[in-house]
>>> print(open('upload-v1.pdb').read())   # PDB, C-alpha atoms
ATOM      1  CA  MET A   1      98.912 117.024  96.854
ATOM      2  CA  SER A   2      95.116 116.824  96.771
ATOM      3  CA  LEU A   3      92.784 119.219  98.578
ATOM      4  CA  ARG A   4      91.528 116.344 100.728
ATOM      5  CA  SER A   5      95.077 115.409 101.746
ATOM      6  CA  SER A   6      95.870 119.041 102.559
ATOM      7  CA  LEU A   7      92.708 119.381 104.651
ATOM      8  CA  ALA A   8      93.454 116.137 106.502
ATOM      9  CA  ARG A   9      96.981 117.343 107.334
ATOM     10  CA  LEU A  10      95.618 120.709 108.468
ATOM     11  CA  ALA A  11      93.014 118.985 110.670
ATOM     12  CA  ILE A  12      95.657 116.744 112.269
ATOM     13  CA  ALA A  13      98.026 119.664 112.860
ATOM     14  CA  THR A  14      95.203 121.726 114.357
ATOM     15  CA  ALA A  15      94.098 118.858 116.610
ATOM     16  CA  ALA A  16      97.669 118.296 117.786
ATOM     17  CA  GLY A  17      98.017 121.995 118.645
ATOM     18  CA  VAL A  18      94.729 122.057 120.523
ATOM     19  CA  LEU A  19      95.664 118.882 122.397
ATOM     20  CA  ALA A  20      99.073 120.264 123.321
ATOM     21  CA  GLY A  21      97.407 123.348 124.772
ATOM     22  CA  ALA A  22      94.770 121.291 126.552
ATOM     23  CA  VAL A  23      97.395 119.159 128.306
ATOM     24  CA  ALA A  24      98.550 122.191 130.257
ATOM     25  CA  VAL A  25      95.075 122.974 131.625
ATOM     26  CA  THR A  26      93.228 119.661 131.660
ATOM     27  CA  PRO A  27      93.354 117.532 134.796
ATOM     28  CA  ALA A  28      94.369 113.950 134.177
ATOM     29  CA  ALA A  29      91.146 112.224 135.039
ATOM     30  CA  ALA A  30      88.566 109.749 135.179
ATOM     31  CA  SER A  31      86.784 106.588 134.379
ATOM     32  CA  ASP A  32      85.138 105.995 131.030
ATOM     33  CA  ASP A  33      82.639 103.488 132.503
ATOM     34  CA  TRP A  34      83.646 100.877 129.910
ATOM     35  CA  GLY A  35      85.729  98.639 132.146
ATOM     36  CA  ALA A  36      87.553  98.218 135.411
ATOM     37  CA  GLU A  37      90.598 100.245 136.247
ATOM     38  CA  ASP A  38      93.820  99.132 137.887
ATOM     39  CA  ALA A  39      95.544 102.234 139.197
ATOM     40  CA  SER A  40      98.716 100.305 139.963
ATOM     41  CA  ARG A  41      99.763  99.847 136.325
ATOM     42  CA  GLY A  42      99.634 101.427 132.911
ATOM     43  CA  VAL A  43     100.229 105.167 133.275
ATOM     44  CA  PHE A  44     103.583 106.376 132.031
ATOM     45  CA  ASP A  45     105.264 109.753 131.911
ATOM     46  CA  SER A  46     105.645 110.685 128.230
ATOM     47  CA  GLN A  47     108.900 112.531 128.937
ATOM     48  CA  GLY A  48     110.947 109.618 130.207
ATOM     49  CA  GLY A  49     108.860 106.498 129.784
ATOM     50  CA  GLY A  50     108.952 105.844 133.529
ATOM     51  CA  HIS A  51     106.005 105.223 135.783
ATOM     52  CA  HIS A  52     103.969 108.358 136.476
ATOM     53  CA  ASP A  53     104.613 109.874 139.889
ATOM     54  CA  GLY A  54     101.655 112.291 139.992
ATOM     55  CA  HIS A  55     103.813 115.386 139.369
ATOM     56  CA  HIS A  56     103.564 115.636 135.576
ATOM     57  CA  ASP A  57     100.428 116.086 133.454
ATOM     58  CA  ALA A  58     101.819 114.831 130.121
ATOM     59  CA  ARG A  59     100.851 111.216 130.727
ATOM     60  CA  LEU A  60     100.412 108.385 128.304
ATOM     61  CA  TYR A  61      98.106 105.497 129.052
ATOM     62  CA  LEU A  62      98.462 101.975 127.713
ATOM     63  CA  GLY A  63      96.074  99.643 125.950
ATOM     64  CA  VAL A  64      96.127  96.310 124.161
ATOM     65  CA  VAL A  65      94.466  95.760 120.779
ATOM     66  CA  THR A  66      91.710  93.107 120.808
ATOM     67  CA  ALA A  67      90.776  93.127 117.090
ATOM     68  CA  ASP A  68      92.611  90.966 114.564
ATOM     69  CA  ARG A  69      93.337  94.162 112.596
ATOM     70  CA  LEU A  70      92.331  97.636 113.817
ATOM     71  CA  LEU A  71      92.430 100.522 111.361
ATOM     72  CA  LEU A  72      93.662 103.758 112.906
ATOM     73  CA  ARG A  73      92.205 106.912 111.439
ATOM     74  CA  SER A  74      92.773 110.656 110.995
ATOM     75  CA  ALA A  75      89.649 111.535 113.034
ATOM     76  CA  PRO A  76      87.378 109.717 115.520
ATOM     77  CA  THR A  77      84.982 108.671 112.769
ATOM     78  CA  ARG A  78      84.551 105.434 110.836
ATOM     79  CA  GLY A  79      84.759 107.214 107.479
ATOM     80  CA  SER A  80      87.946 109.213 108.073
ATOM     81  CA  GLN A  81      91.240 108.498 106.334
ATOM     82  CA  VAL A  82      93.117 105.361 107.409
ATOM     83  CA  ILE A  83      96.553 106.290 108.768
ATOM     84  CA  ARG A  84      97.806 102.795 109.621
ATOM     85  CA  ALA A  85      96.747  99.484 111.200
ATOM     86  CA  VAL A  86      97.565  97.653 114.428
ATOM     87  CA  HIS A  87      96.957  94.007 115.285
ATOM     88  CA  ARG A  88      95.647  91.806 118.091
ATOM     89  CA  GLY A  89      98.002  91.834 121.077
ATOM     90  CA  ASP A  90      99.807  95.051 120.121
ATOM     91  CA  VAL A  91     100.335  97.350 123.115
ATOM     92  CA  VAL A  92      99.587 100.965 122.183
ATOM     93  CA  SER A  93     100.226 104.315 123.884
ATOM     94  CA  ILE A  94      97.043 106.332 124.428
ATOM     95  CA  PHE A  95      97.181 110.101 124.839
ATOM     96  CA  CYS A  96      93.476 110.780 125.538
ATOM     97  CA  LYS A  97      89.885 109.773 124.713
ATOM     98  CA  THR A  98      86.982 111.542 123.010
ATOM     99  CA  PRO A  99      83.483 110.680 121.813
ATOM    100  CA  GLY A 100      83.026 109.895 118.134
ATOM    101  CA  ASP A 101      81.209 107.433 115.895
ATOM    102  CA  LYS A 102      79.850 104.435 117.802
ATOM    103  CA  VAL A 103      81.657 101.165 117.106
ATOM    104  CA  GLY A 104      80.011  98.075 118.565
ATOM    105  CA  GLY A 105      77.924 100.334 120.807
ATOM    106  CA  ASN A 106      80.974 102.149 122.237
ATOM    107  CA  PRO A 107      81.218 105.870 121.288
ATOM    108  CA  LEU A 108      84.764 106.382 122.611
ATOM    109  CA  TRP A 109      87.895 106.769 120.517
ATOM    110  CA  TYR A 110      91.512 106.885 121.712
ATOM    111  CA  LEU A 111      94.197 109.163 120.292
ATOM    112  CA  LEU A 112      97.257 106.928 119.918
ATOM    113  CA  THR A 113     100.818 108.233 119.827
ATOM    114  CA  ASP A 114     102.837 105.275 118.546
ATOM    115  CA  GLY A 115     104.907 106.686 115.679
ATOM    116  CA  THR A 116     102.018 108.729 114.262
ATOM    117  CA  TRP A 117      99.046 110.387 115.909
ATOM    118  CA  ALA A 118      95.976 108.396 114.919
ATOM    119  CA  TRP A 119      92.532 107.581 116.320
ATOM    120  CA  GLY A 120      91.481 104.034 117.255
ATOM    121  CA  ALA A 121      88.020 102.843 118.295
ATOM    122  CA  ALA A 122      88.098 102.147 122.044
ATOM    123  CA  ARG A 123      85.785  99.179 121.403
ATOM    124  CA  PHE A 124      88.863  97.263 120.234
ATOM    125  CA  ILE A 125      91.445  98.548 122.739
ATOM    126  CA  ASP A 126      91.419  97.245 126.324
ATOM    127  CA  ASN A 127      92.958  99.560 128.917
ATOM    128  CA  ILE A 128      96.025  98.394 130.789
ATOM    129  CA  GLY A 129      95.586 100.243 134.051
ATOM    130  CA  PRO A 130      93.479 103.401 134.373
ATOM    131  CA  ALA A 131      91.264 104.716 131.606
ATOM    132  CA  PRO A 132      92.751 107.617 129.624
ATOM    133  CA  ARG A 133      91.826 111.205 130.420
ATOM    134  CA  TRP A 134      89.448 113.168 128.187
ATOM    135  CA  CYS A 135      90.970 115.145 125.318
TER     136      CYS A 135
END
>>> encode(input="upload-v1.pdb", output="structure tokens")
Amino acid sequence: MSLRSSLARLAIATAAGVLAGAVAVTPAAASDDWGAEDASRGVFDSQGGGHHDGHHDARLYLGVVTADRLLLRSAPTRGSQVIRAVHRGDVVSIFCKTPGDKVGGNPLWYLLTDGTWAWGAARFIDNIGPAPRWC
């Protein structure tokens, strides 16, 4: 295993631990000012997959991929390691958002939880329902 691979795994594990701790103390929030929100759809409880009832903070948000092929990465930067790819029309589960490298003028990145934890540029993911909370 290379040093770079080991560091990438350590960074992902550290980020996951920090995010898990942040979920307990971070209010599920807010608009990202990049599009309209529809509070009636798109927020799901990560424990059971059902619609969120406002009593549980571990929420997942939904988005749809708008790029023909979107590379998902190990960090919210354009030069980080590619973890996997998703395609136009794919619906993805979003855990939270954070600022990172600008893509098409949009500095936001979403942490996706579909199978692996990976970062996708928000420029190419349209929210289904409310915008994700901040990481």
>>> atom_distance(input="upload-v1.pdb", atom1="atom CA of Arg133 of chain A", atom2="atom CA of Gly100 of chain A")
15.2 Å
>>> closest_residue(input="upload-v1.pdb", among="A:Phe124, A:Pro76, A:Ile83, A:Trp117", to="Phe95 of chain A", atoms="only C-alpha atoms")
A:Trp117
>>> closest_residue(input="upload-v1.pdb", among="A:Lys102, A:Arg84, A:Lys97, A:Arg123", to="Thr66 of chain A", atoms="only C-alpha atoms")
A:Arg123
>>> resolve_selection(input="upload-v1.pdb", expression="the PyMOL selection byres ((chain A and resi 118) around 10)", output="list in words")
Ile12, Leu71, Leu72, Arg73, Ser74, Ala75, Pro76, Gln81, Val82, Ile83, Arg84, Ala85, Ile94, Trp109, Tyr110, Leu111, Leu112, Thr113, Asp114, Gly115, Thr116, Trp117, Trp119 and Gly120 of chain A
>>> closest_residue(input="upload-v1.pdb", among="A:Val64, A:Arg59, A:Ala131, A:Ala122", to="Val92 of chain A", atoms="only C-alpha atoms")
A:Val64
>>> resolve_selection(input="upload-v1.pdb", expression="the PyMOL selection byres ((chain A and resi 65) around 7)", output="number ranges by chain")
A: 63-64, 66-67, 87-91, 124-126
>>> atom_distance(input="upload-v1.pdb", atom1="atom CA of Pro132 of chain A", atom2="atom CA of Leu60 of chain A")
7.8 Å
>>> atom_distance(input="upload-v1.pdb", atom1="atom CA of Val103 of chain A", atom2="atom CA of Ala121 of chain A")
6.7 Å
>>> closest_residue(input="upload-v1.pdb", among="A:Ser80, A:Asn106, A:Thr98, A:Ser93", to="Asn127 of chain A", atoms="all atoms listed in the file")
A:Ser93
>>> build_atoms(input="upload-v1.pdb", residues="segment 82-99 of chain A", atoms="N, CA and C atoms", output="tab-separated table (two decimals), in the coordinates of the input")
chain	number	residue	atom	x	y	z
A	82	VAL	N	92.33	106.35	106.67
A	82	VAL	CA	93.12	105.36	107.41
A	82	VAL	C	94.58	105.81	107.40
A	83	ILE	N	95.15	105.89	108.61
A	83	ILE	CA	96.55	106.29	108.77
A	83	ILE	C	97.46	105.06	108.77
A	84	ARG	N	97.06	104.04	109.52
A	84	ARG	CA	97.81	102.80	109.62
A	84	ARG	C	96.94	101.76	110.31
A	85	ALA	N	97.48	100.56	110.53
A	85	ALA	CA	96.75	99.48	111.20
A	85	ALA	C	97.60	98.90	112.32
A	86	VAL	N	96.92	98.39	113.35
A	86	VAL	CA	97.56	97.65	114.43
A	86	VAL	C	96.87	96.31	114.53
A	87	HIS	N	97.47	95.38	115.26
A	87	HIS	CA	96.96	94.01	115.28
A	87	HIS	C	96.76	93.49	116.70
A	88	ARG	N	95.96	92.43	116.80
A	88	ARG	CA	95.65	91.81	118.09
A	88	ARG	C	96.93	91.59	118.91
A	89	GLY	N	96.87	92.01	120.18
A	89	GLY	CA	98.00	91.83	121.08
A	89	GLY	C	98.98	92.99	121.10
A	90	ASP	N	98.91	93.89	120.11
A	90	ASP	CA	99.81	95.05	120.12
A	90	ASP	C	99.49	95.93	121.32
A	91	VAL	N	100.52	96.39	122.02
A	91	VAL	CA	100.34	97.35	123.12
A	91	VAL	C	100.53	98.74	122.52
A	92	VAL	N	99.57	99.63	122.77
A	92	VAL	CA	99.59	100.96	122.18
A	92	VAL	C	99.61	102.02	123.28
A	93	SER	N	100.20	103.17	122.97
A	93	SER	CA	100.23	104.32	123.88
A	93	SER	C	99.04	105.21	123.56
A	94	ILE	N	98.26	105.53	124.59
A	94	ILE	CA	97.04	106.33	124.43
A	94	ILE	C	97.28	107.69	125.07
A	95	PHE	N	97.03	108.75	124.32
A	95	PHE	CA	97.18	110.10	124.84
A	95	PHE	C	95.92	110.56	125.57
A	96	CYS	N	94.73	110.34	124.95
A	96	CYS	CA	93.48	110.78	125.54
A	96	CYS	C	92.31	110.10	124.83
A	97	LYS	N	91.08	110.36	125.32
A	97	LYS	CA	89.88	109.77	124.71
A	97	LYS	C	88.89	110.87	124.39
A	98	THR	N	88.02	110.60	123.41
A	98	THR	CA	86.98	111.54	123.01
A	98	THR	C	85.81	110.78	122.43
A	99	PRO	N	84.61	111.34	122.47
A	99	PRO	CA	83.48	110.68	121.81
A	99	PRO	C	83.58	110.85	120.30
